[in-house]
$ cat input_11.cif   # mmCIF, C-alpha atoms
data_start
loop_
_atom_site.label_atom_id
_atom_site.label_comp_id
_atom_site.auth_asym_id
_atom_site.auth_seq_id
_atom_site.Cartn_x
_atom_site.Cartn_y
_atom_site.Cartn_z
CA MET J 1 -25.04 27.57 -85.03
CA VAL J 2 -24.79 25.36 -82.10
CA SER J 3 -27.00 22.43 -82.27
CA LYS J 4 -29.44 21.77 -79.50
CA GLN J 5 -27.72 18.53 -78.70
CA PHE J 6 -24.40 20.27 -78.38
CA TYR J 7 -25.86 22.94 -76.14
CA ASN J 8 -27.55 20.45 -73.91
CA LYS J 9 -24.39 18.50 -73.57
CA PHE J 10 -22.14 21.39 -72.55
CA ASN J 11 -24.62 23.61 -70.80
CA CYS J 12 -24.63 21.09 -68.02
CA PHE J 13 -21.18 22.30 -67.05
CA PRO J 14 -21.20 26.10 -67.16
CA LYS J 15 -19.31 26.35 -63.89
CA MET J 16 -16.66 24.03 -65.09
CA LYS J 17 -16.10 26.23 -68.04
CA LYS J 18 -15.62 29.27 -65.78
CA ALA J 19 -13.31 27.41 -63.52
CA ALA J 20 -11.24 26.29 -66.43
CA PHE J 21 -10.91 29.87 -67.60
CA LEU J 22 -9.73 31.14 -64.22
CA LEU J 23 -7.21 28.40 -63.99
CA ILE J 24 -5.80 29.37 -67.31
CA LEU J 25 -5.44 32.96 -66.09
CA PHE J 26 -3.58 31.97 -62.98
CA LEU J 27 -1.21 29.89 -64.92
CA SER J 28 -0.55 32.75 -67.24
CA PHE J 29 0.23 35.24 -64.49
CA GLN J 30 2.57 32.86 -62.81
CA GLY J 31 4.42 32.40 -65.98
CA PHE J 32 5.09 36.11 -66.21
CA SER J 33 6.21 36.33 -62.56
CA GLN J 34 8.80 33.62 -62.89
CA ALA J 35 10.25 35.44 -65.73
CA SER J 36 11.09 38.51 -63.60
CA ALA J 37 12.23 37.28 -60.13
CA SER J 38 12.57 34.23 -57.94
CA SER J 39 12.91 33.41 -54.31
CA THR J 40 13.55 30.26 -52.31
CA ILE J 41 11.49 29.33 -49.32
CA THR J 42 12.58 26.56 -47.04
CA ALA J 43 9.92 24.41 -45.54
CA SER J 44 10.82 22.29 -42.54
CA VAL J 45 9.25 20.27 -39.80
CA THR J 46 10.68 18.95 -36.56
CA VAL J 47 9.67 15.52 -35.47
CA ILE J 48 9.95 15.12 -31.70
CA GLU J 49 10.83 11.75 -30.31
CA PRO J 50 7.64 10.27 -28.88
CA ILE J 51 7.55 10.11 -25.10
CA MET J 52 7.21 6.65 -23.64
CA ILE J 53 6.82 5.20 -20.16
CA ALA J 54 7.21 1.65 -18.93
CA LYS J 55 6.63 0.29 -15.43
CA SER J 56 9.60 -1.48 -13.93
CA VAL J 57 8.64 -1.97 -10.25
CA ASP J 58 5.26 -2.25 -8.55
CA LEU J 59 4.30 -0.23 -5.49
CA ASP J 60 4.35 -2.33 -2.33
CA PHE J 61 3.74 -0.96 1.14
CA GLY J 62 4.94 -4.12 2.86
CA ASN J 63 3.38 -5.33 6.09
CA LEU J 64 1.73 -3.12 8.63
CA ILE J 65 0.00 -4.01 11.85
CA GLY J 66 -3.70 -3.57 12.17
CA SER J 67 -4.87 -1.00 14.65
CA PHE J 68 -7.91 -0.34 16.75
CA SER J 69 -7.97 3.19 15.41
CA THR J 70 -7.42 4.76 12.02
CA GLY J 71 -3.95 5.56 10.81
CA THR J 72 -1.78 6.11 7.77
CA LEU J 73 1.38 4.67 6.31
CA THR J 74 3.25 6.88 3.87
CA LEU J 75 5.72 5.28 1.52
CA ALA J 76 8.04 7.94 0.13
CA PRO J 77 9.51 7.66 -3.37
CA ASN J 78 12.86 6.82 -1.73
CA GLY J 79 11.28 3.75 -0.13
CA ILE J 80 11.15 5.04 3.45
CA ARG J 81 7.97 4.29 5.38
CA THR J 82 6.45 6.72 7.86
CA VAL J 83 3.55 5.70 10.08
CA ASN J 84 0.95 7.73 11.88
CA GLY J 85 -1.37 5.85 14.20
CA VAL J 86 -0.33 2.41 12.97
CA GLN J 87 2.64 0.16 13.60
CA ILE J 88 4.99 -1.72 11.36
CA SER J 89 7.04 -4.75 12.26
CA ASN J 90 10.75 -4.23 11.79
CA ALA J 91 11.37 -7.96 11.86
CA VAL J 92 8.71 -8.79 9.31
CA PRO J 93 8.50 -5.70 7.11
CA GLY J 94 7.41 -7.62 4.03
CA ASP J 95 8.39 -6.46 0.56
CA VAL J 96 8.65 -2.69 0.64
CA THR J 97 9.23 -1.03 -2.72
CA ALA J 98 8.31 2.32 -4.15
CA GLY J 99 6.81 2.15 -7.61
CA GLU J 100 9.21 2.69 -10.47
CA ALA J 101 8.72 3.61 -14.11
CA ILE J 102 11.16 4.54 -16.83
CA VAL J 103 10.33 7.49 -19.08
CA THR J 104 12.04 7.82 -22.45
CA HIS J 105 11.76 11.32 -23.88
CA SER J 106 13.30 14.08 -25.96
CA ASN J 107 14.80 17.22 -24.45
CA ASN J 108 11.35 18.72 -24.01
CA ASN J 109 9.77 19.19 -20.61
CA TYR J 110 6.94 16.86 -19.77
CA SER J 111 4.31 16.39 -17.11
CA ILE J 112 3.32 13.36 -15.06
CA THR J 113 -0.25 12.50 -14.17
CA LEU J 114 -0.83 10.34 -11.11
CA PRO J 115 -4.13 8.97 -9.85
CA GLU J 116 -6.05 10.80 -7.15
CA SER J 117 -6.67 7.58 -5.29
CA PHE J 118 -6.63 3.85 -5.76
CA THR J 119 -8.46 1.09 -3.92
CA LEU J 120 -6.90 -2.16 -2.75
CA TYR J 121 -9.06 -5.18 -1.94
CA ASN J 122 -8.49 -7.97 0.54
CA SER J 123 -7.54 -11.01 -1.52
CA GLY J 124 -9.36 -13.31 0.87
CA ASN J 125 -12.39 -11.10 1.43
CA PRO J 126 -13.05 -8.66 -1.45
CA ASP J 127 -15.65 -6.82 0.60
CA GLN J 128 -12.81 -5.45 2.67
CA PHE J 129 -10.74 -2.70 1.09
CA LEU J 130 -8.43 0.16 1.86
CA VAL J 131 -7.64 3.31 -0.08
CA ILE J 132 -4.29 4.74 -1.07
CA ASP J 133 -3.92 8.36 -2.16
CA GLN J 134 -1.54 11.34 -2.09
CA PHE J 135 0.69 9.84 -4.76
CA THR J 136 4.10 11.43 -5.03
CA VAL J 137 6.84 11.12 -7.61
CA GLN J 138 10.55 11.85 -7.73
CA PRO J 139 12.37 13.27 -9.56
CA LEU J 140 10.09 15.90 -11.01
CA PRO J 141 10.63 16.23 -14.76
CA SER J 142 12.53 19.16 -16.21
CA ALA J 143 13.76 20.11 -19.64
CA GLY J 144 17.15 18.69 -20.37
CA ASP J 145 18.97 16.20 -22.45
CA GLU J 146 16.91 13.62 -24.10
CA GLY J 147 17.16 10.19 -22.68
CA SER J 148 15.54 8.26 -19.87
CA ASP J 149 14.31 9.22 -16.41
CA ILE J 150 13.69 6.72 -13.65
CA LEU J 151 10.61 7.84 -11.78
CA LYS J 152 10.05 6.67 -8.19
CA ILE J 153 6.45 6.73 -7.02
CA GLY J 154 5.14 6.74 -3.47
CA ALA J 155 1.73 7.08 -1.89
CA THR J 156 -0.15 7.08 1.41
CA LEU J 157 -2.12 4.10 2.62
CA ASN J 158 -5.14 4.81 4.81
CA LEU J 159 -5.85 2.12 7.38
CA ASP J 160 -9.28 1.84 8.95
CA ALA J 161 -9.83 0.92 12.56
CA ASN J 162 -9.91 -2.86 12.99
CA GLN J 163 -8.91 -3.38 9.37
CA LEU J 164 -9.30 -7.04 8.52
CA PRO J 165 -5.87 -8.70 8.28
CA GLY J 166 -4.79 -10.06 4.92
CA PHE J 167 -3.16 -9.23 1.63
CA TYR J 168 -4.60 -6.21 -0.15
CA THR J 169 -4.09 -5.54 -3.85
CA ASN J 170 -5.91 -4.60 -7.05
CA SER J 171 -5.15 -6.49 -10.24
CA THR J 172 -6.23 -3.62 -12.48
CA GLY J 173 -3.30 -1.52 -11.36
CA PHE J 174 -3.07 2.25 -11.39
CA ASN J 175 -1.96 4.40 -14.31
CA VAL J 176 0.90 6.82 -14.52
CA THR J 177 0.65 9.02 -17.62
CA VAL J 178 3.29 11.29 -19.11
CA SER J 179 2.88 13.92 -21.82
CA TYR J 180 4.93 16.70 -23.33
CA ASN J 181 4.03 20.15 -22.09
CA MET O 1 -36.46 22.64 -69.67
CA HIS O 2 -33.48 20.36 -69.65
CA ILE O 3 -32.53 18.26 -66.65
CA CYS O 4 -28.91 17.37 -66.28
CA PRO O 5 -28.45 13.63 -66.36
CA VAL O 6 -26.93 13.26 -62.93
CA ASN O 7 -26.82 9.66 -62.03
CA ARG O 8 -28.03 9.86 -58.43
CA ASP O 9 -28.79 6.21 -58.40
CA LYS O 10 -25.10 5.67 -58.56
CA TYR O 11 -24.72 6.81 -54.93
CA LYS O 12 -27.50 4.60 -53.82
CA ASN O 13 -25.73 1.64 -55.18
CA PRO O 14 -24.45 -0.37 -52.17
CA LYS O 15 -21.29 -1.25 -53.98
CA TYR O 16 -19.95 2.21 -53.22
CA LEU O 17 -20.60 2.02 -49.49
CA PRO O 18 -17.84 -0.37 -48.52
CA LYS O 19 -15.19 2.09 -49.67
CA MET O 20 -16.66 4.88 -47.56
CA LYS O 21 -16.75 2.60 -44.57
CA LYS O 22 -13.13 1.71 -45.02
CA ILE O 23 -12.13 5.35 -45.26
CA THR O 24 -14.00 6.21 -42.08
CA PHE O 25 -12.47 3.32 -40.24
CA ILE O 26 -8.93 4.19 -41.27
CA LEU O 27 -9.36 7.81 -40.24
CA PHE O 28 -10.67 6.81 -36.85
CA ALA O 29 -7.78 4.46 -36.33
CA LEU O 30 -5.27 7.18 -37.13
CA ILE O 31 -6.83 9.60 -34.68
CA THR O 32 -6.88 7.02 -31.97
CA GLY O 33 -3.30 6.07 -32.60
CA THR O 34 -2.15 9.64 -32.36
CA THR O 35 -3.80 10.07 -28.97
CA PHE O 36 -2.03 7.10 -27.52
CA ALA O 37 1.31 8.22 -28.81
CA GLN O 38 1.05 11.63 -27.15
CA ASP O 39 0.02 10.49 -23.67
CA PRO O 40 1.51 7.13 -22.94
CA SER O 41 0.83 5.57 -19.58
CA ALA O 42 2.19 2.71 -17.56
CA THR O 43 0.19 0.52 -15.23
CA ALA O 44 1.60 -0.63 -11.91
CA SER O 45 0.05 -2.69 -9.17
CA ALA O 46 -0.04 -1.68 -5.52
CA SER O 47 -0.30 -3.97 -2.53
CA ALA O 48 -0.04 -4.08 1.24
CA GLY O 49 -0.21 -6.70 3.95
CA VAL O 50 -2.21 -6.02 7.07
CA VAL O 51 -1.13 -8.04 10.11
CA THR O 52 -3.50 -8.82 12.96
CA ALA O 53 -3.33 -6.33 15.77
CA LEU O 54 -1.78 -7.97 18.81
CA THR O 55 -3.99 -8.47 21.81
CA ILE O 56 -3.07 -9.80 25.23
CA GLN O 57 -5.43 -10.83 27.99
CA GLN O 58 -4.54 -11.90 31.49
CA GLU O 59 -5.60 -15.46 32.21
CA THR O 60 -4.12 -16.46 35.58
CA ASP O 61 -2.20 -14.51 38.18
CA LEU O 62 1.29 -15.28 39.33
CA TYR O 63 0.75 -17.04 42.63
CA PHE O 64 3.37 -18.15 45.14
CA GLY O 65 0.99 -20.17 47.29
CA SER O 66 -0.20 -20.05 50.88
CA MET O 67 2.31 -20.62 53.61
CA THR O 68 2.26 -20.76 57.34
CA GLY O 69 3.37 -17.91 59.46
CA ALA O 70 6.16 -19.94 60.92
CA ALA O 71 9.41 -18.14 61.51
CA ALA O 72 11.08 -20.75 59.36
CA ASN O 73 9.39 -19.27 56.32
CA THR O 74 11.08 -15.91 56.64
CA GLY O 75 13.80 -15.07 54.15
CA GLN O 76 12.94 -18.01 51.91
CA THR O 77 12.62 -18.07 48.15
CA ILE O 78 10.10 -19.63 45.81
CA GLU O 79 11.09 -19.75 42.15
CA ILE O 80 8.28 -20.29 39.64
CA PRO O 81 9.43 -21.01 36.07
CA PHE O 82 7.58 -19.27 33.23
CA ASP O 83 7.20 -22.49 31.23
CA GLY O 84 5.27 -24.46 33.85
CA ALA O 85 8.21 -26.48 35.09
CA ALA O 86 8.39 -27.51 38.72
CA ILE O 87 8.84 -24.74 41.23
CA VAL O 88 11.99 -24.46 43.26
CA ASN O 89 11.32 -23.97 46.97
CA SER O 90 14.17 -23.09 49.26
CA GLY O 91 12.29 -24.24 52.37
CA VAL O 92 8.85 -22.67 52.61
CA THR O 93 6.16 -24.73 54.35
CA PHE O 94 2.89 -24.39 52.47
CA THR O 95 -0.46 -24.67 54.22
CA GLY O 96 -1.77 -27.21 51.80
CA GLY O 97 -4.97 -25.45 50.89
CA ALA O 98 -6.40 -23.64 53.92
CA ALA O 99 -5.60 -20.20 52.83
CA LEU O 100 -6.71 -16.81 51.67
CA GLU O 101 -6.64 -17.86 48.04
CA THR O 102 -8.93 -20.56 46.71
CA ASP O 103 -6.18 -21.84 44.47
CA SER O 104 -3.45 -22.63 46.94
CA ALA O 105 -1.02 -24.30 44.55
CA PRO O 106 1.72 -21.97 43.38
CA HIS O 107 1.65 -21.31 39.65
CA ARG O 108 3.01 -19.08 36.95
CA ALA O 109 1.11 -16.19 35.40
CA THR O 110 -0.44 -16.92 32.01
CA PHE O 111 -1.73 -14.64 29.28
CA LYS O 112 -3.65 -15.24 26.07
CA VAL O 113 -2.15 -13.56 23.03
CA ASN O 114 -3.78 -13.20 19.64
CA ALA O 115 -1.31 -12.63 16.84
CA SER O 116 -0.93 -13.12 13.11
CA LYS O 117 0.06 -16.53 11.86
CA ASP O 118 3.79 -17.19 11.88
CA VAL O 119 4.66 -13.64 12.84
CA LEU O 120 7.03 -13.55 15.80
CA PHE O 121 6.35 -11.32 18.73
CA ASN O 122 8.30 -10.42 21.84
CA VAL O 123 7.10 -10.46 25.43
CA THR O 124 8.28 -7.70 27.70
CA ILE O 125 8.30 -8.58 31.40
CA PRO O 126 9.20 -6.43 34.41
CA SER O 127 12.86 -5.66 34.61
CA SER O 128 12.93 -4.46 38.21
CA ASN O 129 11.97 -5.88 41.56
CA LEU O 130 8.36 -5.70 42.66
CA THR O 131 7.45 -5.18 46.32
CA LEU O 132 4.35 -6.99 47.54
CA ILE O 133 2.09 -5.10 49.91
CA ASN O 134 0.20 -6.61 52.86
CA ALA O 135 -2.26 -4.29 54.54
CA ASN O 136 -1.77 -6.20 57.80
CA ALA O 137 1.99 -6.12 57.75
CA THR O 138 3.88 -4.88 60.75
CA ALA O 139 5.05 -1.33 60.34
CA GLY O 140 8.70 -1.24 59.30
CA ALA O 141 8.76 -4.91 58.38
CA SER O 142 11.13 -5.91 55.61
CA PRO O 143 9.42 -6.16 52.23
CA TRP O 144 8.42 -9.26 50.36
CA THR O 145 10.03 -8.93 46.96
CA VAL O 146 9.43 -10.51 43.58
CA SER O 147 12.46 -10.50 41.30
CA THR O 148 14.24 -12.43 38.56
CA TRP O 149 11.34 -12.30 36.16
CA THR O 150 11.27 -14.86 33.37
CA GLY O 151 9.25 -15.17 30.17
CA PRO O 152 9.45 -16.47 26.61
CA VAL O 153 12.76 -15.82 24.90
CA ALA O 154 12.63 -13.07 22.31
CA GLY O 155 11.79 -14.42 18.86
CA SER O 156 10.49 -17.73 20.17
CA THR O 157 6.77 -17.03 20.07
CA ALA O 158 4.48 -16.62 17.09
CA GLY O 159 0.73 -16.54 16.60
CA ASP O 160 -1.36 -18.86 14.48
CA GLY O 161 -3.81 -16.27 13.20
CA THR O 162 -6.92 -17.89 14.63
CA THR O 163 -6.68 -19.18 18.19
CA ASP O 164 -4.97 -17.53 21.12
CA VAL O 165 -1.45 -18.42 22.12
CA THR O 166 -0.74 -18.89 25.82
CA ILE O 167 2.41 -17.39 27.24
CA GLY O 168 3.72 -17.74 30.77
CA VAL O 169 5.57 -15.42 33.11
CA GLY O 170 7.49 -16.56 36.15
CA ALA O 171 9.53 -14.97 38.92
CA THR O 172 11.13 -15.57 42.28
CA LEU O 173 9.57 -14.51 45.59
CA THR O 174 11.75 -13.70 48.56
CA THR O 175 9.84 -13.56 51.81
CA GLY O 176 10.53 -10.88 54.36
CA ASP O 177 11.68 -11.10 57.95
CA THR O 178 8.14 -11.16 59.30
CA MET O 179 5.27 -13.49 58.52
CA ASP O 180 2.30 -11.23 59.12
CA GLU O 181 -0.96 -12.81 58.16
CA GLY O 182 -2.62 -11.45 55.07
CA LEU O 183 -2.42 -11.24 51.32
CA TYR O 184 0.80 -9.93 49.87
CA THR O 185 0.05 -8.52 46.45
CA ALA O 186 1.03 -6.07 43.73
CA ASP O 187 0.41 -5.58 40.04
CA PHE O 188 2.87 -5.86 37.19
CA ASP O 189 2.66 -5.30 33.47
CA VAL O 190 3.43 -7.61 30.58
CA THR O 191 3.59 -6.24 27.04
CA VAL O 192 3.70 -7.97 23.68
CA ALA O 193 4.90 -6.51 20.41
CA TYR O 194 5.75 -7.84 16.99
CA GLN O 195 9.41 -8.02 16.30
#
$ encode --input "input_11.cif" --output "structure tokens"
Amino acid sequence: MVSKQFYNKFNCFPKMKKAAFLLILFLSFQGFSQASASSTITASVTVIEPIMIAKSVDLDFGNLIGSFSTGTLTLAPNGIRTVNGVQISNAVPGDVTAGEAIVTHSNNNYSITLPESFTLYNSGNPDQFLVIDQFTVQPLPSAGDEGSDILKIGATLNLDANQLPGFYTNSTGFNVTVSYN
Amino acid sequence: MHICPVNRDKYKNPKYLPKMKKITFILFALITGTTFAQDPSATASASAGVVTALTIQQETDLYFGSMTGAAANTGQTIEIPFDGAAIVNSGVTFTGGAALETDSAPHRATFKVNASKDVLFNVTIPSSNLTLINANATAGASPWTVSTWTGPVAGSTAGDGTTDVTIGVGATLTTGDTMDEGLYTADFDVTVAYQ
């Protein structure tokens, strides 16, 4: 006869007792199976090299001449400037450089995300600003050997009529993001 | 009825909370780290320099003075330098003030130019001869011609970004064979552009 104390002590764990029984059964069946046949399953996992990007050159449109009407200056990824409605000085072009970033990646294809637009502010008068947009990048990524790609980034600068002269920039910078497809 | 002696107070004990907090924090950090690793980004700055738009405004006309209608004044030349230097007169007799123009003294043309500081600009002056017209001139008379235009040398003029810069334009007048009374005049263009 089970004492009341004993019952109270073990009746608190009826589920544990059932679970223990089932576990014993499973172990028993497995023991029989191993005795009759065996197979080998290979488990594997591929670790892809993480994609990385690092800026190497900032985007600089150089100097352009203010206009009494609106206009645009497009800086192509190859560094060539094209104007529409504004003028540039050939003698004083300023520093003209397309943006540049180096992407280190595996042989997987990846995508590049560029900003829709970015605002530059007059360093001497922050109330004055201009907007750049239509970012472009070359070369476009494609699947190939792993290694590094040098991305060249261009954009279009939109000049307002009677834009206040000065140096326009934005210390926060714009982001270029890459990710595996 | 028996009640299982579950020690619920154990989980209320604050000493167990720090471990849970640590676990939560570590998990969050791992998730965050994974996100960064999959979509890395680089930040680049962008900049541009906007130069003042050039403006030019006529200040004074190019004026060769008032001269008498004497026959001796025909076929003469008056050279007016662009830089304000003394004029070179081949032999014209000026009237000395009684004339059609209130300012009888010959002088160069001047223009006010507004340009960005220290940015050079070029001045484009007429490259061909200009014929002056006098409404009272005798029909078939030989023309009075302005030629040999002079102006600032390319690359020699820059703005200061605030006040206007004055530039001068000069030329040489050759009088015709007749000295018909009247005002001999014509317009010409001067253009400025950054180099």
$ resolve_selection --input "input_11.cif" --expression "the PyMOL selection byres ((chain J and resi 164-167) around 10)" --output "VMD selection string"
(chain J and resid 62 to 67 120 to 125 128 to 130 159 to 163 168 to 169) or (chain O and resid 47 to 53 116 161)
$ closest_residue --input "input_11.cif" --among "J:Val178, J:Val45, J:Leu114, J:Ile132" --to "chain O" --atoms "only C-alpha atoms"
J:Val178
$ closest_residue --input "input_11.cif" --among "O:Ala70, O:Ile56, O:Val153, O:Leu120" --to "chain J" --atoms "all atoms listed in the file"
O:Leu120
$ resolve_selection --input "input_11.cif" --expression "the PyMOL selection byres ((chain J and resi 90) around 10)" --output "ChimeraX atom specification"
/J:63-64,87-89,91-94 /O:194-195
$ resolve_selection --input "input_11.cif" --expression "the PyMOL selection byres ((chain J and resi 75) around 9)" --output "list in words"
Asp60, Phe61, Leu73, Thr74, Ala76, Pro77, Asn78, Gly79, Ile80, Arg81, Thr82, Val83, Val96, Thr97, Ala98, Ile153, Gly154, Ala155, Thr156 and Leu157 of chain J
$ write_last_selection --input "input_11.cif" --atoms "C-alpha atoms" --output "compact mmCIF listing (two decimals), keeping the file's coordinate frame"
# COMPACT_ATOMS: atom_id res chain seq x y z
CA ASP J 60 4.35 -2.33 -2.33
CA PHE J 61 3.74 -0.96 1.14
CA LEU J 73 1.38 4.67 6.31
CA THR J 74 3.25 6.88 3.87
CA ALA J 76 8.04 7.94 0.13
CA PRO J 77 9.51 7.66 -3.37
CA ASN J 78 12.86 6.82 -1.73
CA GLY J 79 11.28 3.75 -0.13
CA ILE J 80 11.15 5.04 3.45
CA ARG J 81 7.97 4.29 5.38
CA THR J 82 6.45 6.72 7.86
CA VAL J 83 3.55 5.70 10.08
CA VAL J 96 8.65 -2.69 0.64
CA THR J 97 9.23 -1.03 -2.72
CA ALA J 98 8.31 2.32 -4.15
CA ILE J 153 6.45 6.73 -7.02
CA GLY J 154 5.14 6.74 -3.47
CA ALA J 155 1.73 7.08 -1.89
CA THR J 156 -0.15 7.08 1.41
CA LEU J 157 -2.12 4.10 2.62
